[in-house]
file structure.txt (compact mmCIF, C-alpha atoms and all ligand atoms)
# COMPACT_ATOMS: atom_id res chain seq x y z
CA MET A 1304 -61.88 3.75 20.49
CA THR A 1305 -58.98 6.21 20.75
CA GLN A 1306 -58.71 9.21 18.43
CA THR A 1307 -55.95 7.45 16.46
CA ALA A 1308 -57.94 4.23 16.09
CA LEU A 1309 -60.95 6.22 14.87
CA ARG A 1310 -58.83 8.09 12.35
CA ASN A 1311 -57.26 4.84 11.12
CA ALA A 1312 -60.71 3.31 10.68
CA ASP A 1313 -61.80 6.38 8.67
CA ILE A 1314 -58.70 6.15 6.47
CA GLU A 1315 -59.37 2.44 5.90
CA ALA A 1316 -62.98 3.17 4.90
CA ALA A 1317 -61.90 5.96 2.51
CA LEU A 1318 -59.30 3.65 1.03
CA ASN A 1319 -61.82 0.87 0.46
CA ASP A 1320 -64.05 3.33 -1.41
CA ALA A 1321 -61.10 4.55 -3.49
CA ARG A 1322 -60.08 0.97 -4.37
CA GLU A 1323 -63.65 0.06 -5.33
CA ASP A 1324 -63.91 3.15 -7.50
CA TYR A 1325 -60.62 2.17 -9.16
CA VAL A 1326 -61.83 -1.38 -9.87
CA THR A 1327 -65.04 -0.04 -11.41
CA ARG A 1328 -63.28 2.48 -13.62
CA LYS A 1329 -60.45 0.24 -14.91
CA PRO A 1330 -62.07 -2.88 -16.44
CA ARG A 1331 -59.52 -3.16 -19.27
CA SER A 1332 -56.56 -2.91 -16.91
CA LEU A 1333 -58.18 -5.62 -14.79
CA ALA A 1334 -58.75 -7.87 -17.81
CA ARG A 1335 -55.13 -7.44 -18.95
CA TYR A 1336 -53.90 -8.25 -15.45
CA VAL A 1337 -56.01 -11.42 -15.17
CA GLU A 1338 -54.75 -12.64 -18.56
CA ALA A 1339 -51.16 -11.87 -17.62
CA THR A 1340 -51.32 -13.94 -14.42
CA ALA A 1341 -51.63 -17.09 -16.53
CA VAL A 1342 -48.18 -16.67 -18.03
CA MET A 1343 -46.24 -14.35 -15.71
CA PRO A 1344 -45.89 -14.84 -11.93
CA GLY A 1345 -48.50 -12.49 -10.50
CA GLY A 1346 -48.97 -11.10 -14.02
CA ASN A 1347 -45.73 -9.21 -13.52
CA THR A 1348 -42.21 -8.92 -14.91
CA ARG A 1349 -41.11 -5.85 -12.92
CA THR A 1350 -41.95 -6.02 -9.23
CA VAL A 1351 -42.14 -2.26 -8.62
CA LEU A 1352 -45.09 -2.03 -11.01
CA HIS A 1353 -47.30 -4.37 -8.99
CA TYR A 1354 -49.83 -3.12 -6.44
CA ALA A 1355 -53.25 -4.13 -5.17
CA PRO A 1356 -55.92 -4.51 -6.34
CA PHE A 1357 -54.16 -4.70 -9.75
CA PRO A 1358 -51.76 -2.43 -11.61
CA LEU A 1359 -52.91 0.15 -14.11
CA ALA A 1360 -51.94 -0.72 -17.69
CA MET A 1361 -50.91 2.12 -19.96
CA ALA A 1362 -51.70 1.89 -23.65
CA ARG A 1363 -50.06 4.98 -25.13
CA GLY A 1364 -47.87 7.98 -24.36
CA GLU A 1365 -47.14 11.32 -25.98
CA GLY A 1366 -45.03 14.18 -24.61
CA CYS A 1367 -45.79 14.16 -20.87
CA ARG A 1368 -49.20 12.50 -21.31
CA LEU A 1369 -50.22 8.84 -20.91
CA TRP A 1370 -53.49 7.07 -21.72
CA ASP A 1371 -54.49 3.95 -19.81
CA ALA A 1372 -56.10 0.84 -21.28
CA ASP A 1373 -59.55 2.36 -20.61
CA GLY A 1374 -58.67 5.55 -22.49
CA VAL A 1375 -58.20 7.81 -19.44
CA GLU A 1376 -55.56 10.54 -19.81
CA TYR A 1377 -52.87 11.30 -17.20
CA ILE A 1378 -50.07 13.78 -16.79
CA ASP A 1379 -46.99 11.61 -16.46
CA PHE A 1380 -45.33 12.76 -13.24
CA LEU A 1381 -43.61 9.39 -12.87
CA GLY A 1382 -41.38 9.83 -15.91
CA GLU A 1383 -40.43 6.13 -15.88
CA TYR A 1384 -38.72 6.42 -12.48
CA THR A 1385 -36.31 9.06 -13.92
CA ALA A 1386 -35.58 7.23 -17.21
CA GLY A 1387 -38.31 9.12 -19.07
CA LEU A 1388 -36.68 12.53 -18.82
CA TYR A 1389 -37.23 13.27 -22.52
CA GLY A 1390 -40.92 12.39 -22.41
CA HIS A 1391 -42.62 9.91 -24.70
CA SER A 1392 -42.07 11.45 -28.10
CA HIS A 1393 -39.22 13.94 -28.19
CA PRO A 1394 -38.56 14.71 -31.86
CA VAL A 1395 -34.76 14.69 -31.48
CA ILE A 1396 -34.78 11.28 -29.78
CA ARG A 1397 -37.25 9.94 -32.33
CA ALA A 1398 -35.13 11.17 -35.24
CA ALA A 1399 -31.98 9.62 -33.73
CA VAL A 1400 -33.70 6.24 -33.30
CA ASP A 1401 -35.22 6.37 -36.80
CA CYS A 1402 -31.86 7.24 -38.27
CA ALA A 1403 -30.18 4.36 -36.40
CA LEU A 1404 -32.87 1.94 -37.60
CA ASP A 1405 -32.32 3.06 -41.20
CA ASP A 1406 -28.73 1.84 -40.97
CA GLY A 1407 -29.49 -1.58 -39.46
CA ILE A 1408 -29.90 -2.79 -35.93
CA SER A 1409 -27.23 -5.20 -34.66
CA PHE A 1410 -23.81 -5.40 -36.25
CA GLY A 1411 -21.82 -7.66 -33.94
CA ALA A 1412 -19.06 -5.10 -34.36
CA SER A 1413 -17.89 -1.77 -33.01
CA ASN A 1414 -20.04 0.98 -34.49
CA MET A 1415 -19.62 4.61 -35.42
CA THR A 1416 -21.59 6.04 -32.47
CA GLU A 1417 -20.35 4.32 -29.29
CA ALA A 1418 -17.09 6.27 -28.86
CA ARG A 1419 -18.84 9.57 -29.58
CA PHE A 1420 -21.42 8.76 -26.94
CA ALA A 1421 -18.68 7.65 -24.52
CA ARG A 1422 -16.88 10.96 -25.09
CA ALA A 1423 -20.07 12.92 -24.34
CA VAL A 1424 -20.69 10.92 -21.13
CA CYS A 1425 -17.06 11.26 -19.95
CA LYS A 1426 -16.99 15.00 -20.62
CA ARG A 1427 -20.30 15.62 -18.95
CA PHE A 1428 -19.61 13.67 -15.77
CA GLY A 1429 -15.85 14.14 -15.44
CA LEU A 1430 -14.83 10.51 -16.11
CA ASP A 1431 -11.50 9.36 -17.53
CA ARG A 1432 -13.08 6.27 -19.07
CA VAL A 1433 -16.51 4.67 -19.31
CA ARG A 1434 -18.00 1.32 -20.32
CA PHE A 1435 -21.59 0.66 -21.28
CA THR A 1436 -23.98 -1.99 -19.98
CA ASN A 1437 -27.68 -2.71 -20.49
CA SER A 1438 -29.01 -1.62 -17.11
CA GLY A 1439 -28.10 0.16 -13.92
CA THR A 1440 -28.08 -3.18 -12.11
CA GLU A 1441 -25.42 -4.51 -14.44
CA ALA A 1442 -23.38 -1.30 -14.13
CA ASN A 1443 -23.35 -1.67 -10.35
CA LEU A 1444 -22.49 -5.37 -10.53
CA LEU A 1445 -19.50 -4.62 -12.73
CA ALA A 1446 -18.37 -1.58 -10.74
CA MET A 1447 -18.52 -3.51 -7.45
CA SER A 1448 -16.71 -6.54 -8.90
CA LEU A 1449 -14.09 -4.23 -10.40
CA ALA A 1450 -13.55 -2.49 -7.05
CA CYS A 1451 -13.06 -5.85 -5.29
CA ILE A 1452 -10.48 -6.92 -7.88
CA PHE A 1453 -8.68 -3.54 -7.88
CA THR A 1454 -8.38 -3.43 -4.09
CA ARG A 1455 -7.93 -7.22 -3.70
CA ARG A 1456 -10.51 -7.03 -0.92
CA LYS A 1457 -13.99 -8.42 -0.43
CA THR A 1458 -16.13 -6.35 1.97
CA VAL A 1459 -18.77 -4.12 0.40
CA LEU A 1460 -20.29 -1.35 2.51
CA VAL A 1461 -23.83 -0.39 1.47
CA PHE A 1462 -26.54 1.65 3.19
CA ASN A 1463 -29.83 0.61 4.69
CA GLY A 1464 -32.62 1.75 2.37
CA GLY A 1465 -30.32 2.02 -0.65
CA TYR A 1466 -31.21 0.47 -4.00
CA HIS A 1467 -28.65 -0.40 -6.66
CA GLY A 1468 -30.73 -2.70 -8.85
CA ALA A 1469 -32.69 -5.92 -9.04
CA VAL A 1470 -30.07 -7.88 -7.10
CA PHE A 1471 -28.91 -5.01 -4.87
CA GLY A 1472 -31.88 -4.01 -2.73
CA PHE A 1473 -31.17 -2.82 0.81
CA ALA A 1474 -34.57 -1.65 2.02
CA GLY A 1475 -34.94 -3.27 5.44
CA GLY A 1476 -31.25 -4.26 5.32
CA GLY A 1477 -31.20 -6.58 2.30
CA SER A 1478 -33.02 -9.02 0.06
CA PRO A 1479 -32.66 -12.80 -0.33
CA ILE A 1480 -32.06 -12.40 -4.05
CA ASN A 1481 -29.09 -10.03 -3.66
CA VAL A 1482 -25.78 -10.99 -5.29
CA PRO A 1483 -23.79 -12.57 -2.45
CA PHE A 1484 -21.02 -10.03 -1.84
CA ASP A 1485 -19.72 -9.73 1.75
CA TYR A 1486 -21.98 -6.84 2.75
CA VAL A 1487 -21.82 -4.54 5.72
CA VAL A 1488 -25.01 -2.46 5.95
CA ALA A 1489 -24.49 1.03 7.39
CA PRO A 1490 -26.99 3.69 8.51
CA TYR A 1491 -27.47 6.38 5.80
CA ASN A 1492 -26.51 9.92 6.81
CA ASP A 1493 -25.18 8.69 10.16
CA LEU A 1494 -21.62 10.02 10.27
CA ALA A 1495 -20.39 8.43 13.48
CA GLY A 1496 -22.12 5.07 12.90
CA THR A 1497 -20.71 4.73 9.38
CA GLN A 1498 -17.26 5.95 10.36
CA ALA A 1499 -17.12 3.26 13.05
CA LEU A 1500 -18.08 0.53 10.55
CA ILE A 1501 -15.43 1.71 8.07
CA ALA A 1502 -12.82 1.68 10.83
CA ALA A 1503 -13.88 -1.81 11.91
CA HIS A 1504 -13.40 -3.09 8.34
CA ALA A 1505 -10.39 -0.94 7.47
CA THR A 1506 -8.26 -3.79 6.14
CA ASP A 1507 -10.88 -5.79 4.24
CA LEU A 1508 -13.11 -3.00 2.86
CA ALA A 1509 -13.14 -2.98 -0.95
CA LEU A 1510 -15.70 -0.28 -1.52
CA VAL A 1511 -18.44 1.96 -0.22
CA ILE A 1512 -21.36 2.42 -2.60
CA LEU A 1513 -24.24 4.84 -2.17
CA GLU A 1514 -26.70 7.06 -3.96
CA PRO A 1515 -25.82 10.68 -3.14
CA MET A 1516 -29.58 11.08 -2.81
CA ILE A 1517 -31.47 7.86 -2.04
CA GLY A 1518 -33.98 7.65 -4.88
CA SER A 1519 -36.41 4.77 -4.67
CA GLY A 1520 -36.07 4.83 -0.88
CA GLY A 1521 -37.81 8.23 -0.79
CA CYS A 1522 -35.67 10.99 -2.35
CA ILE A 1523 -33.52 11.56 0.74
CA ALA A 1524 -30.35 13.57 0.11
CA ALA A 1525 -27.04 12.70 1.75
CA SER A 1526 -25.64 15.58 3.77
CA GLY A 1527 -22.47 17.32 2.57
CA PRO A 1528 -20.48 16.41 5.71
CA PHE A 1529 -21.54 12.75 5.38
CA LEU A 1530 -20.25 12.54 1.79
CA THR A 1531 -17.06 14.42 2.68
CA MET A 1532 -16.45 11.97 5.54
CA LEU A 1533 -16.97 9.00 3.18
CA ARG A 1534 -14.45 10.43 0.73
CA ALA A 1535 -11.83 10.97 3.44
CA GLU A 1536 -12.39 7.63 5.19
CA THR A 1537 -12.39 5.45 2.07
CA THR A 1538 -9.16 7.12 0.94
CA ARG A 1539 -7.65 6.58 4.40
CA VAL A 1540 -8.40 2.84 4.48
CA GLY A 1541 -7.65 2.20 0.77
CA ALA A 1542 -11.23 1.40 -0.31
CA LEU A 1543 -12.98 2.78 -3.39
CA LEU A 1544 -15.90 5.19 -3.18
CA ILE A 1545 -18.64 4.48 -5.73
CA PHE A 1546 -21.52 6.86 -6.34
CA ASP A 1547 -24.60 5.28 -7.84
CA GLU A 1548 -25.89 8.17 -9.95
CA VAL A 1549 -28.27 6.00 -11.96
CA MET A 1550 -31.05 8.38 -10.95
CA THR A 1551 -29.27 11.44 -9.58
CA SER A 1552 -27.02 12.28 -12.53
CA ARG A 1553 -29.97 14.24 -13.95
CA LEU A 1554 -30.00 16.64 -11.00
CA ALA A 1555 -27.16 18.88 -12.19
CA PRO A 1556 -25.11 19.28 -15.38
CA GLY A 1557 -22.26 17.17 -13.96
CA GLY A 1558 -24.43 14.87 -11.82
CA LEU A 1559 -25.19 15.37 -8.14
CA GLN A 1560 -21.51 14.85 -7.33
CA SER A 1561 -20.69 18.13 -9.10
CA VAL A 1562 -22.98 19.99 -6.71
CA VAL A 1563 -21.84 18.33 -3.49
CA GLY A 1564 -18.20 18.66 -4.54
CA VAL A 1565 -17.17 15.08 -3.68
CA LYS A 1566 -15.52 13.07 -6.43
CA PRO A 1567 -15.94 9.30 -6.20
CA ASP A 1568 -13.47 6.82 -7.71
CA LEU A 1569 -16.19 5.23 -9.83
CA THR A 1570 -19.71 6.34 -10.79
CA THR A 1571 -22.54 4.24 -12.15
CA PHE A 1572 -25.22 5.51 -14.51
CA GLY A 1573 -28.47 4.40 -16.08
CA LYS A 1574 -32.01 5.51 -16.87
CA TYR A 1575 -32.47 8.67 -19.00
CA ILE A 1576 -28.89 8.79 -20.33
CA GLY A 1577 -29.83 6.15 -22.91
CA GLY A 1578 -32.49 8.49 -24.29
CA GLY A 1579 -35.23 6.14 -23.05
CA MET A 1580 -33.63 2.95 -24.42
CA SER A 1581 -32.14 0.23 -22.14
CA PHE A 1582 -29.02 1.70 -20.62
CA GLY A 1583 -26.34 1.44 -17.99
CA ALA A 1584 -22.74 2.61 -17.67
CA PHE A 1585 -19.91 2.75 -15.19
CA GLY A 1586 -16.79 4.84 -15.30
CA GLY A 1587 -14.26 6.92 -13.44
CA ARG A 1588 -10.53 6.83 -12.74
CA GLY A 1589 -8.48 5.63 -15.70
CA GLU A 1590 -6.12 3.40 -13.70
CA ILE A 1591 -9.12 1.42 -12.38
CA MET A 1592 -11.19 1.30 -15.57
CA ASP A 1593 -8.14 0.33 -17.63
CA LEU A 1594 -8.17 -3.11 -16.00
CA PHE A 1595 -10.72 -3.78 -18.75
CA ASP A 1596 -8.34 -2.72 -21.55
CA PRO A 1597 -8.33 -5.86 -23.75
CA ARG A 1598 -4.82 -5.02 -25.02
CA ARG A 1599 -3.45 -5.94 -21.57
CA PRO A 1600 -2.33 -9.52 -21.09
CA ASP A 1601 -4.16 -9.56 -17.71
CA ALA A 1602 -7.28 -7.73 -18.97
CA LEU A 1603 -10.56 -8.33 -17.20
CA PRO A 1604 -13.26 -9.44 -19.61
CA HIS A 1605 -16.50 -7.45 -19.85
CA ALA A 1606 -18.96 -8.92 -22.33
CA GLY A 1607 -22.51 -7.89 -23.24
CA THR A 1608 -24.24 -8.47 -26.56
CA PHE A 1609 -26.18 -5.22 -26.38
CA ASN A 1610 -23.60 -3.03 -24.58
CA ASN A 1611 -23.08 -0.90 -27.69
CA ASN A 1612 -26.51 -1.34 -29.32
CA VAL A 1613 -27.06 1.36 -31.88
CA LEU A 1614 -30.48 2.45 -30.62
CA THR A 1615 -29.18 3.32 -27.15
CA MET A 1616 -25.93 4.82 -28.46
CA SER A 1617 -27.77 7.04 -30.94
CA ALA A 1618 -30.65 8.12 -28.71
CA GLY A 1619 -28.31 8.71 -25.78
CA LEU A 1620 -25.86 10.80 -27.78
CA ALA A 1621 -28.59 12.95 -29.32
CA GLY A 1622 -30.23 13.42 -25.93
CA LEU A 1623 -27.11 14.49 -24.04
CA SER A 1624 -25.61 16.65 -26.75
CA GLU A 1625 -28.70 18.27 -28.28
CA VAL A 1626 -31.49 18.18 -25.69
CA TYR A 1627 -30.37 17.73 -22.09
CA THR A 1628 -27.61 20.31 -22.32
CA PRO A 1629 -26.12 21.71 -19.09
CA GLN A 1630 -28.46 24.71 -19.46
CA ALA A 1631 -31.49 22.44 -19.89
CA ALA A 1632 -30.44 20.49 -16.77
CA LEU A 1633 -30.26 23.68 -14.73
CA ALA A 1634 -33.66 24.89 -15.98
CA LEU A 1635 -35.41 21.55 -15.39
CA ASN A 1636 -34.10 21.22 -11.86
CA THR A 1637 -35.05 24.79 -11.02
CA ARG A 1638 -38.57 23.95 -12.19
CA GLY A 1639 -38.56 20.89 -9.93
CA ASP A 1640 -37.34 22.89 -6.91
CA ARG A 1641 -40.10 25.46 -7.42
CA LEU A 1642 -42.73 22.75 -7.74
CA ARG A 1643 -41.62 21.01 -4.54
CA GLU A 1644 -41.60 24.34 -2.67
CA ARG A 1645 -45.17 25.04 -3.83
CA LEU A 1646 -46.33 21.55 -2.84
CA ASN A 1647 -44.78 21.83 0.61
CA ALA A 1648 -46.27 25.29 1.05
CA VAL A 1649 -49.83 24.00 0.47
CA CYS A 1650 -49.22 21.06 2.83
CA GLN A 1651 -47.92 23.40 5.52
CA ALA A 1652 -50.81 25.83 5.05
CA ALA A 1653 -53.20 22.89 5.60
CA ASP A 1654 -51.15 21.70 8.59
CA ALA A 1655 -51.31 18.19 7.09
CA PRO A 1656 -49.02 15.20 7.73
CA LEU A 1657 -47.85 15.34 4.14
CA GLN A 1658 -44.53 16.53 2.72
CA PHE A 1659 -42.39 16.28 -0.38
CA THR A 1660 -38.65 15.59 -0.21
CA GLY A 1661 -36.11 15.57 -3.02
CA ILE A 1662 -33.80 17.70 -5.08
CA GLY A 1663 -34.56 19.39 -8.40
CA SER A 1664 -36.57 17.23 -10.76
CA MET A 1665 -36.98 14.25 -8.35
CA LEU A 1666 -39.47 14.28 -5.51
CA ALA A 1667 -41.23 11.86 -3.17
CA VAL A 1668 -44.28 12.23 -0.97
CA HIS A 1669 -44.19 11.21 2.68
CA THR A 1670 -47.36 10.93 4.72
CA MET A 1671 -45.87 12.09 8.00
CA ARG A 1672 -44.71 15.13 9.92
CA GLY A 1673 -41.16 15.79 11.04
CA PRO A 1674 -37.79 15.59 9.32
CA VAL A 1675 -36.98 12.89 6.73
CA THR A 1676 -33.19 12.53 6.76
CA CYS A 1677 -32.84 8.76 6.47
CA PRO A 1678 -34.90 5.75 5.33
CA GLU A 1679 -35.72 4.96 8.97
CA ASP A 1680 -37.49 8.36 9.19
CA ALA A 1681 -39.36 7.71 5.94
CA ALA A 1682 -40.60 4.38 7.31
CA LYS A 1683 -42.75 6.38 9.76
CA SER A 1684 -45.05 7.43 6.87
CA ASP A 1685 -48.64 6.26 7.22
CA PRO A 1686 -48.86 3.56 4.49
CA LYS A 1687 -52.66 3.70 4.17
CA LEU A 1688 -52.64 7.47 3.76
CA LYS A 1689 -49.99 7.11 1.10
CA GLU A 1690 -52.08 4.55 -0.76
CA LEU A 1691 -55.09 6.86 -0.55
CA PHE A 1692 -52.97 9.72 -1.91
CA PHE A 1693 -51.96 7.50 -4.83
CA PHE A 1694 -55.53 6.54 -5.78
CA ASP A 1695 -56.74 10.13 -5.34
CA MET A 1696 -53.97 11.40 -7.62
CA LEU A 1697 -54.93 8.80 -10.26
CA ALA A 1698 -58.53 9.98 -10.00
CA HIS A 1699 -57.22 13.52 -10.70
CA GLY A 1700 -55.33 12.37 -13.78
CA ILE A 1701 -51.87 12.41 -12.17
CA TRP A 1702 -49.62 9.41 -12.81
CA LEU A 1703 -47.02 8.72 -10.12
CA ALA A 1704 -45.28 5.76 -8.50
CA ARG A 1705 -47.40 3.78 -6.08
CA ARG A 1706 -44.77 4.43 -3.42
CA GLY A 1707 -45.09 8.18 -4.01
CA MET A 1708 -42.11 9.02 -6.19
CA MET A 1709 -42.45 11.65 -8.91
CA THR A 1710 -40.20 13.32 -11.43
CA VAL A 1711 -40.40 16.38 -13.61
CA SER A 1712 -39.58 15.52 -17.21
CA LEU A 1713 -38.67 17.96 -19.97
CA PRO A 1714 -42.13 18.24 -21.58
CA ILE A 1715 -43.74 19.17 -18.25
CA GLY A 1716 -44.51 22.89 -18.17
CA ASP A 1717 -46.24 25.41 -15.93
CA ALA A 1718 -49.72 24.13 -16.78
CA GLU A 1719 -48.85 20.58 -15.70
CA CYS A 1720 -47.18 21.79 -12.48
CA ASN A 1721 -50.28 23.87 -11.70
CA ARG A 1722 -52.45 20.79 -12.24
CA LEU A 1723 -50.39 18.79 -9.76
CA VAL A 1724 -50.51 21.54 -7.13
CA ALA A 1725 -54.29 21.83 -7.63
CA ALA A 1726 -54.70 18.05 -7.29
CA VAL A 1727 -52.75 18.05 -4.02
CA GLU A 1728 -54.80 21.02 -2.74
CA GLU A 1729 -57.95 19.10 -3.64
CA PHE A 1730 -56.66 16.06 -1.71
CA LEU A 1731 -55.87 18.23 1.32
CA SER A 1732 -59.34 19.70 1.28
CA ALA A 1733 -61.37 16.57 0.44
CA ARG A 1734 -59.47 14.44 2.99
CA ARG A 1735 -59.11 17.13 5.65
CA SER A 1736 -60.74 15.04 8.37
CA LEU A 1737 -58.18 12.25 7.82
CA LEU A 1738 -55.17 14.54 7.91
CA ARG A 1739 -55.15 15.51 11.56
N1 LIG B 1801 -29.41 2.23 -9.05
C1 LIG B 1801 -30.41 3.05 -8.71
C2 LIG B 1801 -30.13 4.18 -7.77
C3 LIG B 1801 -31.69 2.85 -9.22
O1 LIG B 1801 -32.68 3.66 -8.85
C4 LIG B 1801 -31.89 1.79 -10.12
C5 LIG B 1801 -33.23 1.55 -10.68
O2 LIG B 1801 -34.25 2.06 -10.24
C6 LIG B 1801 -30.82 0.97 -10.43
C7 LIG B 1801 -29.59 1.21 -9.89
C8 LIG B 1801 -31.00 -0.20 -11.36
O3 LIG B 1801 -31.15 0.23 -12.67
P1 LIG B 1801 -31.89 -0.75 -13.73
O4 LIG B 1801 -33.33 -0.79 -13.34
O5 LIG B 1801 -31.63 -0.10 -15.05
O6 LIG B 1801 -31.23 -2.07 -13.60
call {"tool": "encode", "arguments": {"input": "structure.txt", "output": "structure tokens"}}
result
Amino acid sequence: MTQTALRNADIEAALNDAREDYVTRKPRSLARYVEATAVMPGGNTRTVLHYAPFPLAMARGEGCRLWDADGVEYIDFLGEYTAGLYGHSHPVIRAAVDCALDDGISFGASNMTEARFARAVCKRFGLDRVRFTNSGTEANLLAMSLACIFTRRKTVLVFNGGYHGAVFGFAGGGSPINVPFDYVVAPYNDLAGTQALIAAHATDLALVILEPMIGSGGCIAASGPFLTMLRAETTRVGALLIFDEVMTSRLAPGGLQSVVGVKPDLTTFGKYIGGGMSFGAFGGRGEIMDLFDPRRPDALPHAGTFNNNVLTMSAGLAGLSEVYTPQAALALNTRGDRLRERLNAVCQAADAPLQFTGIGSMLAVHTMRGPVTCPEDAAKSDPKLKELFFFDMLAHGIWLARRGMMTVSLPIGDAECNRLVAAVEEFLSARRSLLR
């Protein structure tokens, strides 16, 4: 056996032990999962939450803590894939939701909160106009459809490894369930390759959509020159530039676009902005958004029973205006940067094939050495080592995404960050022989 084959066999053996330990310690999660498989395909209604041998079920949350079905406590470093920025029980969010409930749930009418919330979102992210949806997926669907109608073109340029929702997955190039736009899939962060594709589709390109930092694909930031090129080239060929800031808008007071200094024509939003309730939004240049103005004879329709639901409107408004102020955004992301620096420092000191990418309060672990500048790089991670890292973190009371994504939410403080760094140090030491 070669050195690599021996190491892989050792990782496999360690992983089998970790899985067995998990099965033994999580009987209630297992029972819930088995019951769920009778009525939900694979016991699941949200694919990202499924993993072998069975997913952990959480029973309760408070602040930045979660308790699983078997009563084990975790620090929540997943933060609901960025949507849980306020934690599980922020008093301001709770009061806003209680107050909304006191006045009745669904009116079938415009309400007193939606325009105030819209004003707060527009001001914060530099939009002329915004419309609300129920999810980030829906926001992207509407923004892309709008861009095709506005430009009277059909080609949609997306990036390999990007994710824009349930029907817009581009890991490995695409997904059979994607909405059938005329896609061209470009290489993320590849200036020349993307420029060539834009030039080749100059006359039929409706839009370019991307996350200014790929989130679910591994927290990989777009380079400044890449985004600047996209702005210049889309303008040159008459296509719209759409930033999907569903995740990244939390990374700076005005969204990631305010830091990189590139203004898209349209931006899509989701996750935490609804205060933890279902949320999506899209907005940007007035002349484009105003195609939805119902006073126009040629107005585009945009329906949605829950677009202006009072729980989201109220929780979102309270969150943005009272809690996640620009100052709070700066402080949270500084905390995240420090944490990632500390984590990378311990990995480097151990000379381990482990690293954390990201910006501010979003980070992702990669079980590999070398630079991670595109999803193709991230694909070189050792999947078994990553799975072992996941189960070891769970055993240390750290909750994170199975694929290795983490976020820092507002209730996370120094003590919780120290616990995470200690858990990673423990992993590096206990698994030293596997990390050569
Ligand atoms: N866009 C990005 C960048 C996302 O990360 C997600 C969800 O993870 C979405 C869109 C879809 O949002 P939702 O899950 O609310 O439909």
call {"tool": "residues_near_ligand", "arguments": {"input": "structure.txt", "ligand": "ligand LIG 1801 (chain B)", "cutoff": "8 Å", "atoms": "all atoms listed in the file", "output": "list in words"}}
result
Tyr1384, Asn1437, Ser1438, Gly1439, Thr1440, Glu1441, Ala1442, Asn1443, Gly1465, Tyr1466, His1467, Gly1468, Ala1469, Glu1514, Ile1517, Gly1518, Ser1519, Asp1547, Glu1548, Val1549, Met1550, Thr1551, Thr1571, Phe1572, Gly1573, Lys1574, Ser1581, Phe1582 and Gly1583 of chain A
call {"tool": "atom_distance", "arguments": {"input": "structure.txt", "atom1": "CA of Gly1586 (chain A)", "atom2": "CA of Thr1570 (chain A)"}}
result
5.6 Å
call {"tool": "residues_around", "arguments": {"input": "structure.txt", "residues": "Ala1317 (chain A)", "least_positions_apart": "5", "cutoff": "9 Å", "atoms": "all atoms listed in the file", "output": "list of chain:residue names"}}
result
A:Ala1312, A:Arg1322, A:Leu1691, A:Arg1734
call {"tool": "residues_around", "arguments": {"input": "structure.txt", "residues": "Gly1589 (chain A)", "least_positions_apart": "5", "cutoff": "12 Å", "atoms": "only C-alpha atoms", "output": "VMD selection string"}}
result
chain A and resid 1425 1429 to 1434 1568 to 1569 1594 to 1596
call {"tool": "closest_residue", "arguments": {"input": "structure.txt", "among": "A:Tyr1575, A:Asp1654, A:Gly1587, A:Ser1392", "to": "Gly1673 (chain A)", "atoms": "all atoms listed in the file"}}
result
A:Asp1654
call {"tool": "closest_residue", "arguments": {"input": "structure.txt", "among": "A:Gly1622, A:Leu1633, A:Arg1638, A:Phe1694", "to": "Ile1396 (chain A)", "atoms": "all atoms listed in the file"}}
result
A:Gly1622
call {"tool": "atom_distance", "arguments": {"input": "structure.txt", "atom1": "CA of Arg1349 (chain A)", "atom2": "CA of Leu1388 (chain A)"}}
result
19.8 Å
call {"tool": "atom_distance", "arguments": {"input": "structure.txt", "atom1": "CA of Pro1629 (chain A)", "atom2": "CA of Cys1402 (chain A)"}}
result
24.7 Å
call {"tool": "residues_around", "arguments": {"input": "structure.txt", "residues": "Ala1489 (chain A)", "least_positions_apart": "6", "cutoff": "9 Å", "atoms": "all atoms listed in the file", "output": "list of chain:residue names"}}
result
A:Leu1460, A:Val1461, A:Phe1462, A:Asn1463, A:Gly1476, A:Gly1496, A:Thr1497, A:Leu1500
call {"tool": "residues_around", "arguments": {"input": "structure.txt", "residues": "region 1719-1731 of chain A", "least_positions_apart": "2", "cutoff": "10 Å", "atoms": "only C-alpha atoms", "output": "MDAnalysis selection string"}}
result
chainID A and resid 1367:1368 1378:1380 1638:1639 1641:1643 1645:1650 1652:1657 1691:1692 1695:1702 1711 1714:1717 1733:1738
call {"tool": "axis_aligned_box", "arguments": {"input": "structure.txt", "around": "region 1378-1395 of chain A", "padding_each_side": "4 Å", "output": "JSON"}}
result
{"center_x": -42.4, "center_y": 10.4, "center_z": -22.2, "size_x": 23.3, "size_y": 16.6, "size_z": 27.4}
call {"tool": "closest_residue", "arguments": {"input": "structure.txt", "among": "A:Phe1546, A:Thr1385, A:Ser1413, A:His1393", "to": "Gly1366 (chain A)", "atoms": "only C-alpha atoms"}}
result
A:His1393
call {"tool": "closest_residue", "arguments": {"input": "structure.txt", "among": "A:Val1337, A:Leu1444, A:Ala1555, A:Ala1505", "to": "Gly1541 (chain A)", "atoms": "all atoms listed in the file"}}
result
A:Ala1505
call {"tool": "closest_residue", "arguments": {"input": "structure.txt", "among": "A:Pro1597, A:Gly1411, A:Pro1678, A:Gly1521", "to": "Phe1609 (chain A)", "atoms": "only C-alpha atoms"}}
result
A:Gly1411
call {"tool": "residues_around", "arguments": {"input": "structure.txt", "residues": "Leu1554 (chain A)", "least_positions_apart": "6", "cutoff": "12 Å", "atoms": "all atoms listed in the file", "output": "ChimeraX atom specification"}}
result
/A:1385,1388,1428,1515-1516,1518,1522,1524,1548,1560-1563,1575,1627,1629-1640,1661-1666,1710-1712
